[in-house]
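Have a look at start-v2.txt below; it lists compact mmCIF, C-alpha atoms and all ligand atoms.
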# COMPACT_ATOMS: atom_id res chain seq x y z
CA MET A 1 -115.04 -230.50 -96.91
CA THR A 2 -118.05 -231.60 -94.84
CA MET A 3 -120.97 -229.38 -94.00
CA GLU A 4 -121.35 -230.63 -90.44
CA ARG A 5 -123.48 -228.40 -88.27
CA ARG A 6 -124.36 -228.96 -84.68
CA THR A 7 -128.07 -228.45 -84.18
CA THR A 8 -128.76 -229.56 -80.63
CA ALA A 9 -131.24 -227.48 -78.65
CA SER A 10 -128.53 -226.26 -76.29
CA ASP A 11 -126.29 -225.14 -79.11
CA PRO A 12 -128.35 -224.15 -82.12
CA ALA A 13 -126.44 -223.48 -85.33
CA PRO A 14 -126.51 -219.74 -85.88
CA THR A 15 -128.10 -218.61 -89.12
CA ALA A 16 -126.09 -216.19 -91.25
CA GLY A 17 -125.98 -212.75 -89.66
CA GLN A 18 -127.28 -213.94 -86.31
CA ALA A 19 -125.50 -215.00 -83.17
CA PRO A 20 -127.07 -217.87 -81.16
CA GLY A 21 -128.83 -215.38 -78.86
CA GLY A 22 -130.46 -213.60 -81.80
CA ARG A 23 -128.07 -210.62 -81.66
CA ALA A 24 -126.35 -209.57 -84.86
CA ALA A 25 -123.27 -211.78 -85.29
CA PRO A 26 -119.91 -210.04 -85.66
CA ALA A 27 -118.89 -209.41 -89.27
CA VAL A 28 -115.70 -211.38 -88.55
CA ARG A 29 -115.07 -213.72 -85.64
CA LEU A 30 -111.95 -215.72 -84.86
CA ASP A 31 -112.30 -218.08 -81.95
CA GLY A 32 -109.44 -220.13 -80.48
CA VAL A 33 -107.65 -220.09 -83.81
CA CYS A 34 -104.36 -221.97 -84.13
CA VAL A 35 -102.39 -222.47 -87.33
CA ARG A 36 -99.48 -224.89 -87.62
CA PHE A 37 -97.46 -225.36 -90.78
CA HIS A 38 -95.63 -228.62 -91.38
CA THR A 39 -92.78 -228.43 -93.83
CA LYS A 40 -90.10 -230.99 -94.65
CA THR A 41 -87.57 -229.31 -92.39
CA ARG A 42 -89.64 -227.91 -89.54
CA ASP A 43 -93.01 -227.37 -87.90
CA VAL A 44 -94.07 -223.79 -87.33
CA THR A 45 -96.86 -222.59 -85.08
CA ALA A 46 -97.88 -219.38 -86.84
CA LEU A 47 -100.93 -218.50 -84.74
CA SER A 48 -101.87 -219.66 -81.27
CA GLU A 49 -105.27 -219.20 -79.62
CA VAL A 50 -106.25 -216.08 -81.54
CA GLY A 51 -109.65 -214.64 -80.68
CA LEU A 52 -111.12 -211.51 -82.27
CA ASP A 53 -114.61 -210.13 -82.87
CA VAL A 54 -115.02 -207.41 -85.47
CA ALA A 55 -118.31 -205.51 -85.75
CA ALA A 56 -119.85 -204.77 -89.15
CA GLY A 57 -118.37 -201.59 -90.58
CA GLU A 58 -115.50 -201.54 -88.11
CA PHE A 59 -111.96 -200.75 -89.23
CA ILE A 60 -109.32 -202.93 -87.55
CA ALA A 61 -105.58 -202.44 -87.99
CA ILE A 62 -103.24 -205.34 -87.18
CA VAL A 63 -99.65 -204.65 -86.17
CA GLY A 64 -96.92 -206.99 -84.99
CA PRO A 65 -93.38 -208.13 -85.73
CA SER A 66 -92.54 -209.86 -89.03
CA GLY A 67 -93.51 -213.51 -89.07
CA CYS A 68 -96.10 -213.23 -86.27
CA GLY A 69 -98.88 -214.50 -88.53
CA LYS A 70 -100.59 -211.32 -89.78
CA SER A 71 -100.85 -212.49 -93.40
CA THR A 72 -101.88 -215.94 -92.17
CA LEU A 73 -104.72 -214.33 -90.21
CA LEU A 74 -106.06 -212.55 -93.32
CA LYS A 75 -105.83 -215.77 -95.35
CA LEU A 76 -107.96 -217.52 -92.73
CA VAL A 77 -110.64 -214.84 -93.02
CA ALA A 78 -110.56 -215.14 -96.82
CA GLY A 79 -110.93 -218.91 -96.52
CA LEU A 80 -107.66 -219.48 -98.41
CA LEU A 81 -106.30 -221.39 -95.43
CA ALA A 82 -108.07 -223.57 -92.83
CA PRO A 83 -107.16 -223.23 -89.14
CA THR A 84 -105.49 -226.21 -87.46
CA ALA A 85 -107.79 -225.60 -84.49
CA GLY A 86 -110.54 -223.13 -83.69
CA GLU A 87 -112.94 -221.49 -86.10
CA VAL A 88 -113.46 -218.45 -88.28
CA ARG A 89 -116.91 -217.02 -88.98
CA LEU A 90 -118.15 -214.29 -91.30
CA SER A 91 -121.51 -212.84 -90.18
CA GLY A 92 -122.04 -215.96 -88.10
CA GLU A 93 -121.34 -218.36 -90.96
CA ARG A 94 -118.39 -220.67 -90.63
CA VAL A 95 -115.66 -220.16 -93.24
CA ARG A 96 -115.12 -223.49 -95.00
CA GLY A 97 -113.38 -222.54 -98.24
CA PRO A 98 -112.42 -219.55 -100.39
CA ARG A 99 -114.89 -216.72 -99.90
CA HIS A 100 -116.24 -214.69 -102.78
CA ASP A 101 -117.67 -211.95 -100.58
CA ILE A 102 -114.36 -210.34 -99.65
CA GLY A 103 -111.99 -207.87 -101.29
CA TYR A 104 -108.21 -208.34 -100.99
CA VAL A 105 -105.45 -205.77 -101.52
CA PHE A 106 -101.76 -206.73 -101.34
CA GLN A 107 -98.52 -204.77 -101.06
CA ARG A 108 -97.98 -205.17 -104.80
CA ALA A 109 -100.86 -203.98 -106.96
CA ALA A 110 -100.46 -207.04 -109.26
CA LEU A 111 -102.03 -205.35 -112.27
CA LEU A 112 -102.03 -206.87 -115.74
CA GLU A 113 -99.63 -204.76 -117.83
CA TRP A 114 -101.62 -205.18 -121.05
CA ARG A 115 -104.86 -203.91 -119.57
CA SER A 116 -105.86 -200.29 -118.89
CA ALA A 117 -106.67 -199.18 -115.33
CA ARG A 118 -110.40 -199.55 -115.97
CA ARG A 119 -110.03 -202.97 -117.54
CA ASN A 120 -107.85 -204.11 -114.61
CA ILE A 121 -110.67 -203.05 -112.28
CA LEU A 122 -113.25 -204.82 -114.46
CA LEU A 123 -111.27 -208.05 -114.25
CA GLN A 124 -113.04 -208.59 -110.92
CA ALA A 125 -116.42 -208.44 -112.70
CA GLU A 126 -115.28 -210.75 -115.51
CA MET A 127 -114.00 -213.37 -113.08
CA ARG A 128 -117.28 -213.27 -111.18
CA GLY A 129 -119.52 -213.07 -114.24
CA LEU A 130 -121.15 -209.83 -113.06
CA PRO A 131 -123.43 -207.95 -115.48
CA PRO A 132 -121.04 -205.82 -117.59
CA VAL A 133 -123.04 -202.59 -117.81
CA ALA A 134 -123.56 -202.28 -114.04
CA ALA A 135 -119.93 -203.32 -113.44
CA ARG A 136 -118.68 -200.60 -115.74
CA ARG A 137 -120.82 -198.02 -113.96
CA ARG A 138 -119.50 -199.18 -110.59
CA ALA A 139 -115.90 -199.11 -111.90
CA ASP A 140 -116.34 -195.52 -113.08
CA GLU A 141 -117.82 -194.53 -109.70
CA LEU A 142 -114.80 -196.03 -107.92
CA ILE A 143 -112.40 -194.37 -110.37
CA THR A 144 -113.91 -190.99 -109.45
CA MET A 145 -114.01 -191.81 -105.75
CA THR A 146 -110.30 -192.65 -105.68
CA GLY A 147 -109.26 -189.64 -107.76
CA LEU A 148 -108.31 -191.66 -110.85
CA ASP A 149 -110.39 -189.59 -113.27
CA GLY A 150 -108.36 -189.04 -116.40
CA PHE A 151 -106.33 -192.23 -115.84
CA ALA A 152 -109.00 -194.85 -116.54
CA ASP A 153 -107.51 -195.61 -119.96
CA ALA A 154 -103.87 -195.45 -118.83
CA TYR A 155 -101.79 -198.62 -118.62
CA PRO A 156 -100.05 -199.70 -115.38
CA HIS A 157 -96.58 -198.52 -116.54
CA GLU A 158 -98.06 -195.04 -117.01
CA LEU A 159 -99.28 -194.92 -113.39
CA SER A 160 -97.37 -193.99 -110.21
CA GLY A 161 -97.13 -196.54 -107.39
CA GLY A 162 -99.89 -194.71 -105.50
CA MET A 163 -102.18 -194.75 -108.54
CA GLN A 164 -101.53 -198.45 -109.10
CA GLN A 165 -102.62 -199.13 -105.52
CA ARG A 166 -105.76 -197.04 -106.11
CA VAL A 167 -106.55 -199.29 -109.07
CA ALA A 168 -105.98 -202.36 -106.88
CA LEU A 169 -108.34 -200.85 -104.26
CA CYS A 170 -111.02 -200.19 -106.90
CA ARG A 171 -110.67 -203.78 -108.15
CA ALA A 172 -111.07 -205.07 -104.59
CA LEU A 173 -114.20 -202.97 -104.02
CA LEU A 174 -115.89 -203.56 -107.39
CA HIS A 175 -118.24 -206.32 -106.19
CA LYS A 176 -119.12 -204.35 -103.01
CA PRO A 177 -117.60 -206.89 -100.62
CA PRO A 178 -118.81 -206.57 -97.01
CA VAL A 179 -115.26 -207.35 -95.84
CA LEU A 180 -112.08 -205.74 -97.20
CA LEU A 181 -108.71 -207.33 -96.34
CA MET A 182 -105.56 -205.26 -96.88
CA ASP A 183 -102.08 -206.74 -96.40
CA GLU A 184 -99.51 -203.92 -96.07
CA PRO A 185 -101.13 -202.16 -99.05
CA PHE A 186 -99.03 -198.98 -98.79
CA GLY A 187 -95.75 -200.56 -97.62
CA ALA A 188 -93.98 -199.92 -100.93
CA LEU A 189 -95.01 -196.26 -101.27
CA ASP A 190 -93.01 -193.17 -100.29
CA ALA A 191 -94.06 -191.41 -97.07
CA LEU A 192 -95.99 -188.55 -98.67
CA THR A 193 -97.91 -190.78 -101.09
CA ARG A 194 -98.67 -193.07 -98.19
CA GLU A 195 -100.22 -190.20 -96.20
CA GLN A 196 -102.33 -189.25 -99.21
CA MET A 197 -103.45 -192.86 -99.59
CA ASN A 198 -104.36 -192.97 -95.90
CA THR A 199 -106.59 -189.90 -96.33
CA GLU A 200 -108.15 -191.41 -99.46
CA LEU A 201 -108.77 -194.76 -97.84
CA ASN A 202 -110.40 -193.13 -94.82
CA ARG A 203 -112.79 -191.27 -97.13
CA VAL A 204 -113.49 -194.24 -99.41
CA ARG A 205 -114.14 -196.42 -96.41
CA ARG A 206 -116.67 -193.94 -95.01
CA GLU A 207 -118.40 -193.72 -98.40
CA THR A 208 -118.52 -197.47 -99.07
CA GLY A 209 -118.79 -198.83 -95.51
CA PRO A 210 -117.08 -202.26 -95.58
CA THR A 211 -115.60 -203.96 -92.53
CA VAL A 212 -111.83 -203.58 -92.93
CA LEU A 213 -108.87 -205.61 -91.65
CA LEU A 214 -105.63 -203.77 -92.47
CA VAL A 215 -102.19 -205.23 -91.77
CA THR A 216 -99.56 -202.51 -91.45
CA HIS A 217 -96.11 -201.81 -90.03
CA SER A 218 -96.90 -198.12 -89.67
CA ILE A 219 -98.16 -197.06 -86.24
CA PRO A 220 -99.42 -193.65 -87.49
CA GLU A 221 -101.26 -195.38 -90.34
CA ALA A 222 -102.86 -197.85 -87.91
CA CYS A 223 -103.96 -195.11 -85.48
CA TYR A 224 -105.18 -192.71 -88.16
CA LEU A 225 -107.30 -195.28 -89.99
CA ALA A 226 -108.52 -197.76 -87.42
CA ASP A 227 -111.26 -197.85 -84.82
CA ARG A 228 -109.21 -200.47 -82.97
CA VAL A 229 -105.63 -201.65 -83.34
CA VAL A 230 -104.77 -205.30 -82.68
CA VAL A 231 -101.20 -205.66 -81.42
CA MET A 232 -99.78 -209.15 -81.95
CA SER A 233 -96.91 -210.94 -80.21
CA PRO A 234 -93.94 -212.51 -82.02
CA ARG A 235 -94.45 -216.04 -83.37
CA PRO A 236 -96.48 -217.93 -82.39
CA GLY A 237 -98.76 -214.96 -82.93
CA THR A 238 -101.31 -214.18 -80.27
CA VAL A 239 -103.31 -211.03 -79.58
CA THR A 240 -101.26 -209.07 -77.03
CA GLU A 241 -103.67 -206.16 -76.67
CA ILE A 242 -106.46 -204.40 -78.54
CA ILE A 243 -106.31 -200.60 -78.43
CA GLU A 244 -109.36 -198.40 -78.99
CA VAL A 245 -108.23 -195.32 -80.87
CA GLY A 246 -111.32 -193.21 -80.07
CA LEU A 247 -110.95 -190.56 -82.80
CA PRO A 248 -113.92 -188.90 -84.56
CA ALA A 249 -114.93 -190.47 -87.92
CA GLU A 250 -114.14 -187.25 -89.76
CA ARG A 251 -110.33 -187.17 -89.56
CA ASP A 252 -107.96 -184.63 -91.05
CA TYR A 253 -104.54 -186.27 -91.30
CA THR A 254 -102.32 -183.51 -89.89
CA GLU A 255 -104.83 -182.47 -87.24
CA THR A 256 -105.29 -186.09 -86.14
CA MET A 257 -101.55 -186.48 -85.48
CA GLU A 258 -101.80 -183.66 -82.90
CA ARG A 259 -104.77 -185.08 -81.01
CA PRO A 260 -104.22 -186.53 -77.53
CA GLU A 261 -106.20 -189.72 -78.40
CA PHE A 262 -103.85 -190.34 -81.31
CA ARG A 263 -100.69 -189.73 -79.29
CA GLU A 264 -101.91 -191.93 -76.48
CA ALA A 265 -102.80 -194.85 -78.78
CA ALA A 266 -99.58 -194.55 -80.80
CA GLY A 267 -97.48 -194.38 -77.63
CA ARG A 268 -99.16 -197.47 -76.20
CA ILE A 269 -98.60 -199.47 -79.39
CA ARG A 270 -94.97 -198.36 -79.57
CA THR A 271 -94.45 -199.49 -75.97
CA LEU A 272 -96.05 -202.88 -76.65
CA LEU A 273 -94.07 -203.50 -79.83
CA GLY A 274 -90.88 -202.20 -78.20
CA SER A 275 -91.29 -204.46 -75.20
CA VAL A 276 -91.91 -207.52 -77.35
CA SER A 277 -88.88 -206.87 -79.55
CA ALA A 278 -86.73 -206.26 -76.46
CA HIS A 279 -87.40 -209.85 -75.42
CA HIS A 280 -86.65 -211.37 -78.82
N1 LIG B 1 -97.43 -221.91 -96.36
C1 LIG B 1 -96.55 -221.88 -95.35
N2 LIG B 1 -95.78 -222.95 -95.06
C2 LIG B 1 -94.91 -222.95 -94.03
N3 LIG B 1 -94.73 -221.89 -93.20
C3 LIG B 1 -95.47 -220.80 -93.44
C4 LIG B 1 -96.42 -220.71 -94.51
N4 LIG B 1 -97.01 -219.49 -94.50
C5 LIG B 1 -96.46 -218.82 -93.45
N5 LIG B 1 -95.54 -219.61 -92.81
C6 LIG B 1 -94.78 -219.24 -91.60
O1 LIG B 1 -95.73 -218.79 -90.62
C7 LIG B 1 -95.24 -217.66 -89.93
C8 LIG B 1 -96.19 -216.51 -90.09
O2 LIG B 1 -96.17 -216.06 -91.43
P1 LIG B 1 -96.97 -214.77 -91.95
O3 LIG B 1 -98.40 -214.93 -91.62
O4 LIG B 1 -96.61 -214.56 -93.35
O5 LIG B 1 -96.33 -213.60 -91.01
P2 LIG B 1 -96.43 -212.01 -91.15
O6 LIG B 1 -97.41 -211.70 -92.23
O7 LIG B 1 -96.88 -211.54 -89.79
O8 LIG B 1 -95.05 -211.51 -91.44
C9 LIG B 1 -93.84 -217.39 -90.48
O9 LIG B 1 -92.90 -218.03 -89.65
C10 LIG B 1 -93.87 -218.04 -91.85
O10 LIG B 1 -92.58 -218.46 -92.21
MG MG B 2 -97.19 -210.68 -94.03
Show me the file's structure as structure tokens.
Amino acid sequence: MTMERRTTASDPAPTAGQAPGGRAAPAVRLDGVCVRFHTKTRDVTALSEVGLDVAAGEFIAIVGPSGCGKSTLLKLVAGLLAPTAGEVRLSGERVRGPRHDIGYVFQRAALLEWRSARRNILLQAEMRGLPPVAARRRADELITMTGLDGFADAYPHELSGGMQQRVALCRALLHKPPVLLMDEPFGALDALTREQMNTELNRVRRETGPTVLLVTHSIPEACYLADRVVVMSPRPGTVTEIIEVGLPAERDYTETMERPEFREAAGRIRTLLGSVSAHH
């Protein structure tokens, strides 16, 4: 990959963390992003002209029909995939390859069966060569923060699905990434566990402060957790609408469900998703 940078006076290359005008650059920016996949049998346009600015510390939920490019969008931000057209920037810096300053959580916890919860979390430190003593301290902090005290030495088969996802979340947060990407992290959990995980994630997020992009199929989950919800169209995925949820940072789950801001946002998203599926 080349490191080309345009440095003309009219278009100075932004330095990390700064937009051209000197304002703080968005934590995540997608600009005119298109992704096309070429396979032996067909060409697929997964994303078309996607633009999105996410402020530092903001929590964005992404909803949309299956196959509209939600996972593709997260992979672009992580630098695991390059856009066919357009660009992706993290704090003003163009993404040109796999990024080490992100955390990633998937639907399946993907824990190593022969390692305890703590040692699964510490895998992140080992892969990055982080100082072991500080990493262990950080792991124990996260274990407490996510309510895993007493399970640090348990093996994955001894943990419930919810606990396994907590371990995956701790592993993703170990290196204090400024950006946390979550791809349907609670999709395999039962409804009650999912609500508990939503409450936990909201608290952990407020305590640790990363910018979050969460892909979910759950409208309540999106509205409860996010500052803004991005609604995407069916393939080729575009941003149909961005909904500001407008709830206070301190959010009790049950109380939030009753609030007019929540009902309004959830209703709007349901209408948008309903109207897109009605046409497909
Ligand atoms: N590596 C790939 N090669 C070919 N097609 C792909 C690849 N990854 C994703 N796609 C296609 O791109 C579209 C979007 O996929 P994806 O981002 O996984 O959607 P979502 O996460 O919204 O369900 C789908 O049609 C999928 O089949
Ligand atoms: Mg997906």
Which residues of segment 15-133 of chain A come within 10 Å of segment 199-209 of chain A, and for each one, what is the closest pair of atoms and their distance in Å to one decimal, counting only C-alpha atoms, sorted by chain and residue number, as a tab-separated table?
residue	atom	partner	partner_atom	distance
A:Ala56	CA	A:Gly209	CA	8.8
A:Gly57	CA	A:Gly209	CA	5.7
A:Glu58	CA	A:Gly209	CA	8.5
A:Phe59	CA	A:Arg205	CA	8.7
Å distance separating atom O2 of ligand LIG 1 (chain B) from atom CA of Leu225 of chain A, one decimal place: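 If I compute the distance from atom O2 of ligand LIG 1 (chain B) to atom CA of Leu225 of chain A, I get 23.6 Å.
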Pick from A:Gly32, A:Pro185, A:Gly86, A:Pro156, whichever lies nearest to ligand MG 2 (chain B) using all atoms listed in the file: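 Among the listed residues, A:Pro185 lies closest to ligand MG 2 (chain B).
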Expected answer as a list in words: residues within 10 Å of ligand MG 2 (chain B), all atoms listed in the file: Gly64, Pro65, Ser66, Gly67, Cys68, Gly69, Lys70, Ser71, Thr72, Leu73, Leu74, Phe106, Gln107, Asp183, Glu184, Val215, Thr216 and His217 of chain A
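Separating atom CA of Glu244 of chain A from atom O7 of ligand LIG 1 (chain B) is a distance of 21.1 Å.
The two atoms in question, atom CA of Gly237 of chain A and atom CA of Pro178 of chain A, are spaced 25.9 Å apart.
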Residue among A:Leu76, A:Leu52, A:Leu123, A:Val229 lying closest to ligand LIG 1 (chain B), counting all atoms listed in the file: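 Comparing A:Leu76, A:Leu52, A:Leu123, A:Val229 against ligand LIG 1 (chain B), the winner is A:Leu76.
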Return the padded bounding box of ligand LIG 1 (chain B) as JSON: axis-aligned, built from all atoms listed in the file, 4 Å added on each side, with centre and edge lengths in Å to one decimal.
{"center_x": -95.5, "center_y": -217.2, "center_z": -93.0, "size_x": 13.8, "size_y": 19.4, "size_z": 14.7}
Counting all atoms listed in the file, the residue of A:Leu192, A:Val95, A:Met163, A:Val44 that sits nearest ligand LIG 1 (chain B): A:Val44
Shell of 7 Å around Leu214 of chain A, only C-alpha atoms, local chain residues under 4 positions omitted, as a PyMOL selection string: chain A and resi 60-62+181-183
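Closest approach to ligand LIG 1 (chain B) from the set A:Pro236, A:Pro83, A:Pro220, A:Gly274 is made by A:Pro236, with distances taken over all atoms listed in the file.
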Contacts of Leu273 of chain A within 8 Å, all atoms listed in the file, excl. fewer than 2 positions in-chain, as a ChimeraX atom specification: /A:64-65,231,233,269-271,275-277
Contacts of Gly246 of chain A at 10 Å (only C-alpha atoms; same-chain gap of 3+ positions) as a short mmCIF file (atom, residue, chain, number, x, y, z; two decimals) with C-alpha atoms, in the coordinates of the input:
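Contents of around01.cif, freshly written:
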data_model
loop_
_atom_site.label_atom_id
_atom_site.label_comp_id
_atom_site.auth_asym_id
_atom_site.auth_seq_id
_atom_site.Cartn_x
_atom_site.Cartn_y
_atom_site.Cartn_z
CA CYS A 223 -103.96 -195.11 -85.48
CA ALA A 226 -108.52 -197.76 -87.42
CA ASP A 227 -111.26 -197.85 -84.82
CA ARG A 228 -109.21 -200.47 -82.97
CA ILE A 243 -106.31 -200.60 -78.43
CA ALA A 249 -114.93 -190.47 -87.92
CA GLU A 261 -106.20 -189.72 -78.40
CA PHE A 262 -103.85 -190.34 -81.31
CA ALA A 265 -102.80 -194.85 -78.78
#
Coords for segment 240-256 of chain A, N, CA and C atoms, as a CSV table (one decimal), in the first residue's frame:
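Just written: selection-v8.csv:
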chain,number,residue,atom,x,y,z
A,240,THR,N,-30.1,5.4,5.1
A,240,THR,CA,-31.4,5.9,4.8
A,240,THR,C,-31.7,7.1,5.7
A,241,GLU,N,-31.4,7.0,7.0
A,241,GLU,CA,-31.7,8.0,7.9
A,241,GLU,C,-30.9,7.8,9.2
A,242,ILE,N,-30.5,8.9,9.8
A,242,ILE,CA,-29.8,8.9,11.1
A,242,ILE,C,-30.8,9.5,12.1
A,243,ILE,N,-31.1,8.7,13.2
A,243,ILE,CA,-32.0,9.1,14.2
A,243,ILE,C,-31.3,9.5,15.5
A,244,GLU,N,-31.5,10.7,16.0
A,244,GLU,CA,-31.0,11.1,17.3
A,244,GLU,C,-32.0,10.6,18.3
A,245,VAL,N,-31.4,9.8,19.3
A,245,VAL,CA,-32.3,9.2,20.3
A,245,VAL,C,-32.7,10.3,21.4
A,246,GLY,N,-31.7,11.1,21.8
A,246,GLY,CA,-32.0,12.2,22.7
A,246,GLY,C,-32.4,11.7,24.1
A,247,LEU,N,-31.8,10.6,24.7
A,247,LEU,CA,-32.1,10.2,26.0
A,247,LEU,C,-30.9,10.7,26.9
A,248,PRO,N,-31.2,10.9,28.2
A,248,PRO,CA,-30.1,11.2,29.2
A,248,PRO,C,-29.1,10.1,29.2
A,249,ALA,N,-27.8,10.5,29.6
A,249,ALA,CA,-26.7,9.5,29.6
A,249,ALA,C,-27.0,8.4,30.7
A,250,GLU,N,-27.6,8.8,31.8
A,250,GLU,CA,-27.9,7.9,32.9
A,250,GLU,C,-29.3,7.2,32.5
A,251,ARG,N,-29.2,5.9,32.1
A,251,ARG,CA,-30.4,5.3,31.6
A,251,ARG,C,-30.8,4.0,32.3
A,252,ASP,N,-31.9,4.0,33.0
A,252,ASP,CA,-32.4,2.8,33.6
A,252,ASP,C,-33.2,2.1,32.5
A,253,TYR,N,-33.0,0.8,32.4
A,253,TYR,CA,-33.5,0.1,31.2
A,253,TYR,C,-35.1,0.2,31.1
A,254,THR,N,-35.7,-0.3,32.2
A,254,THR,CA,-37.2,-0.3,32.2
A,254,THR,C,-37.8,1.1,32.0
A,255,GLU,N,-37.2,2.0,32.8
A,255,GLU,CA,-37.7,3.4,32.7
A,255,GLU,C,-37.5,4.0,31.3
A,256,THR,N,-36.4,3.7,30.7
A,256,THR,CA,-36.1,4.2,29.4
A,256,THR,C,-37.2,3.8,28.3
